[in-house]
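Written out below as structure tokens is the structure these notes cover.
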Amino acid sequence: MPDEDQIDVAFSAAEGSHIEKLSAKIGEHVIGTPATPHKGSCKAPKDQWKLRWEIRGSRRGQYHLKIQVNGETKFDEDISFDEFGVDNGAYPI
Amino acid sequence: MARTPSSAAILALALLARAAAAEPQQPAKSIAVPSIAAATLPATGSVDGPAISGDVNTNIGETTLSASVKLAIPAGLGAELAVQTAMPTSDSGALFDNGDSIASGAQVSLAFTFANYELLPDNDPGVVRFEEALHKCQAVSASRLRDKARELDALRERQKKEGLQEGDAEKLAAREKSGCTYSESDAFWLAERARSRPFLASVRGTLGRSDAVFFDPGTLLPAPDMVQAGVSVAAGQYITSGMLVAGSFRWASGNVFGGAPANICHQIGVDALNQPITQCETGTLGTPVRGNLFRLALEVRQVVGNGLIWAPSASLSWADMGSPTFRAQLPLLLEVISNHEGQTPLMVGLTFGYAQGLGTATPAAQSFTIAGTLQTAFSLSKL
């Protein structure tokens with residue numbers, strides 16, 4: 001059994017919203033590249049990793065977050081921006 | 001050799017519209033709505049990608065229409081190319097407000113922006129407390145945590161009014177057991193203290209010319225304003241998610257001569273009764289003089305909530321040939337239509353302005369203004 005999880009993370013703007021800036025990390029691994037700034041993949045110690053993010057975009061809009069671990073979808077939901085167009089979070093909690 | 005009118009057909013009836021000695025720096029008659037210093041902020045209600053935006057600013061006696069096309073280039077270092085044009089409905093005078101936005105004429109600008117959005121470290125006390133709260137409430141993000149806190153606030157409110165509904169007591173007990181007992185205010189501040197405080201910096205170069213007209217005192221022939229080139233540097237620091245404090249410094253090279261506004265009428269012919277037909281132009285009596293223009297500005301911009309934004313600012317501007325001018329303005333903007341769900345954003349607002357020419361006590365060097373504004377933007381990619 002592998003001692004690492006393969007994690008795939010994708011942030012996207014929900015219908016009618018946009019993402020201005022995303023800062024997301026799993027440990028020291030930064031999610032996103034200049035070409036694909038809102039998604040990324042990495043391997044991390046099994047069951048010992050945490051995704052943290054801060055996202056800026058549409059005020060009162062929504063963004064979508066999809067997290068897959070070893071190919072299995074663990075989270076796939078719309079999340080709201082607050083009145084300042086910001087949200088921050090962590091997974092798993 | 002003294003210059004004289006070049007043609008007898010140019011009958012000059014120079015009427016000084018205002019009795020004023022030459023003032024190198026006059027308070028601006030129209031106050032541009034934000035932003036003075038916080039130019040690095042993403043525009044309120046901004047859209048992503050290339051965009052066309054338009055402003056209508058009006059106060060008593062004058063309306064300025066301005067339009068700009070902006071091309072934002074997403075990269076590590078943000079870049080924005082903007083072409084702006086503005087048209088006042090009456091004489092706007094020369095472009096003395098040496099700002100990044102214009103009161104008349106046209107301007108092209110290129111800005112590079114640096115922004116630091118680094119996440120706080122995992123062991124930051126604010127991050128640790130926030131994640132503890134997320135865990136207790138089984139919420140993945142700040143907005144989900146606030147939703148749970150709102151539910152609890154509603155339960156507590158019903159409990160206080162002795163109006164608990166079926167299942168409420170069990171929900172309250174479950175919250176107590178899990179430790180998810182945060183009010184919405186608690187949840188807001190837990191999330192806020194776990195967020196980074198972005199630092200922004202920008203440098204912007206501008207090249208433009210106002211549509212001011214100058215009349216040569218000798219010949220009374222009209223001459224256009226000088227091309228103005230400038231560089232602005234600005235820095236801003238977020239204090240909270242909704243509040244930015246920014247400062248900027250601008251240097252520009254352009255006309256520094258203000259002069260007195262004048263209405264010059266030329267005879268362009270005669271009518272059937274041999275009465276003169278005249279054509280009048282409004283401008284400044286004098287010759288443009290190139291010099292340096294400087295400006296220092298400070299601004300606080302805060303999103304109060306529910307789409308209300310206020311951005312008090314103060315600036316001090318001066319030119320080679322004149323005494324400084326102090327300006328203060330308080331824009332209150334309301335986002336009537338936000339830019340989510342594919343809507344075109346619409347902002348309405350009022351800007352209260354005050355300007356004072358320092359080093360002079362003449363009433364003409366002081367002005368109060370109240371301007372109304374409408375702002376909108378269209379994403380070119382959606383057209």
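The chains in the structure tokens are called A, B, ... from first to last as shown; in each chain the residues are counted from 1, and the ligands are counted from 1 in the order shown.
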
Could you find all residues in stretch 279-350 of chain B that DSSP calls strand (DSSP E) from the backbone, and write them as an MDAnalysis selection string?
chainID B and resid 279:285 290:305 308:310 313:319 325:337 346:350

Per-residue nearest contacts of chain A to chain B (7 Å; only C-alpha atoms) as a Markdown table:
| residue | atom | partner | partner_atom | distance |
| --- | --- | --- | --- | --- |
| A:Glu15 | CA | B:Glu341 | CA | 6.2 |
| A:Gly16 | CA | B:Glu341 | CA | 3.5 |
| A:Ser17 | CA | B:His340 | CA | 4.8 |
| A:His18 | CA | B:Asp48 | CA | 6.8 |
| A:Ser23 | CA | B:Leu119 | CA | 6.5 |
| A:Pro34 | CA | B:Ala75 | CA | 6.4 |
| A:Ser58 | CA | B:His340 | CA | 5.9 |
| A:Gly61 | CA | B:His340 | CA | 5.5 |
| A:Ser80 | CA | B:Ser143 | CA | 6.0 |
| A:Phe81 | CA | B:Ser143 | CA | 6.7 |
| A:Asp82 | CA | B:Ser143 | CA | 6.4 |
| A:Glu83 | CA | B:Gly305 | CA | 6.1 |
| A:Phe84 | CA | B:Gly242 | CA | 5.7 |
| A:Asp87 | CA | B:Ala142 | CA | 5.9 |
| A:Asn88 | CA | B:Ser141 | CA | 5.5 |
| A:Gly89 | CA | B:Ser141 | CA | 3.8 |
| A:Ala90 | CA | B:Val140 | CA | 5.6 |
| A:Tyr91 | CA | B:Val140 | CA | 6.1 |
| A:Ile93 | CA | B:His135 | CA | 5.0 |

Quick check, in Å to one decimal: how far apart do atom CA of B:Pro331 and atom CA of B:Gly349 lie?
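Those two atoms sit 7.0 Å apart.
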
From B:Thr351, B:Thr373, B:Gln279, B:Asn255, residue lying nearest B:Val213 [only C-alpha atoms]
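For B:Val213, the nearest of the candidates is B:Asn255.
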
Distance in Å - atom CA of A:Ile26 versus atom CA of A:Ser41
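Between atom CA of A:Ile26 and atom CA of A:Ser41 the gap is 9.4 Å.
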
Just the number, please: distance in Å from atom CA of B:Ala169 to atom CA of A:Ile79, one decimal.
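So the two atoms, atom CA of B:Ala169 and atom CA of A:Ile79, lie 28.1 Å apart.
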
Name the residues in contact with A:Asp76 at a cut-off of 9 Å, using only C-alpha atoms, excluding same-chain residues fewer than 2 positions from it; report them as a PyMOL selection string.
chain A and resi 64-68+73-74+78

Pick from B:Arg204, B:Lys161, B:Arg290, B:Arg175 nearest to B:Ala235, counting only C-alpha atoms:
B:Arg204

In terms of the shortest atom-to-atom distance over only C-alpha atoms, which of A:Glu28, A:Asp47, A:Glu77, A:Glu72 is closest to A:Ala13?
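The closest residue to A:Ala13 is A:Glu77.
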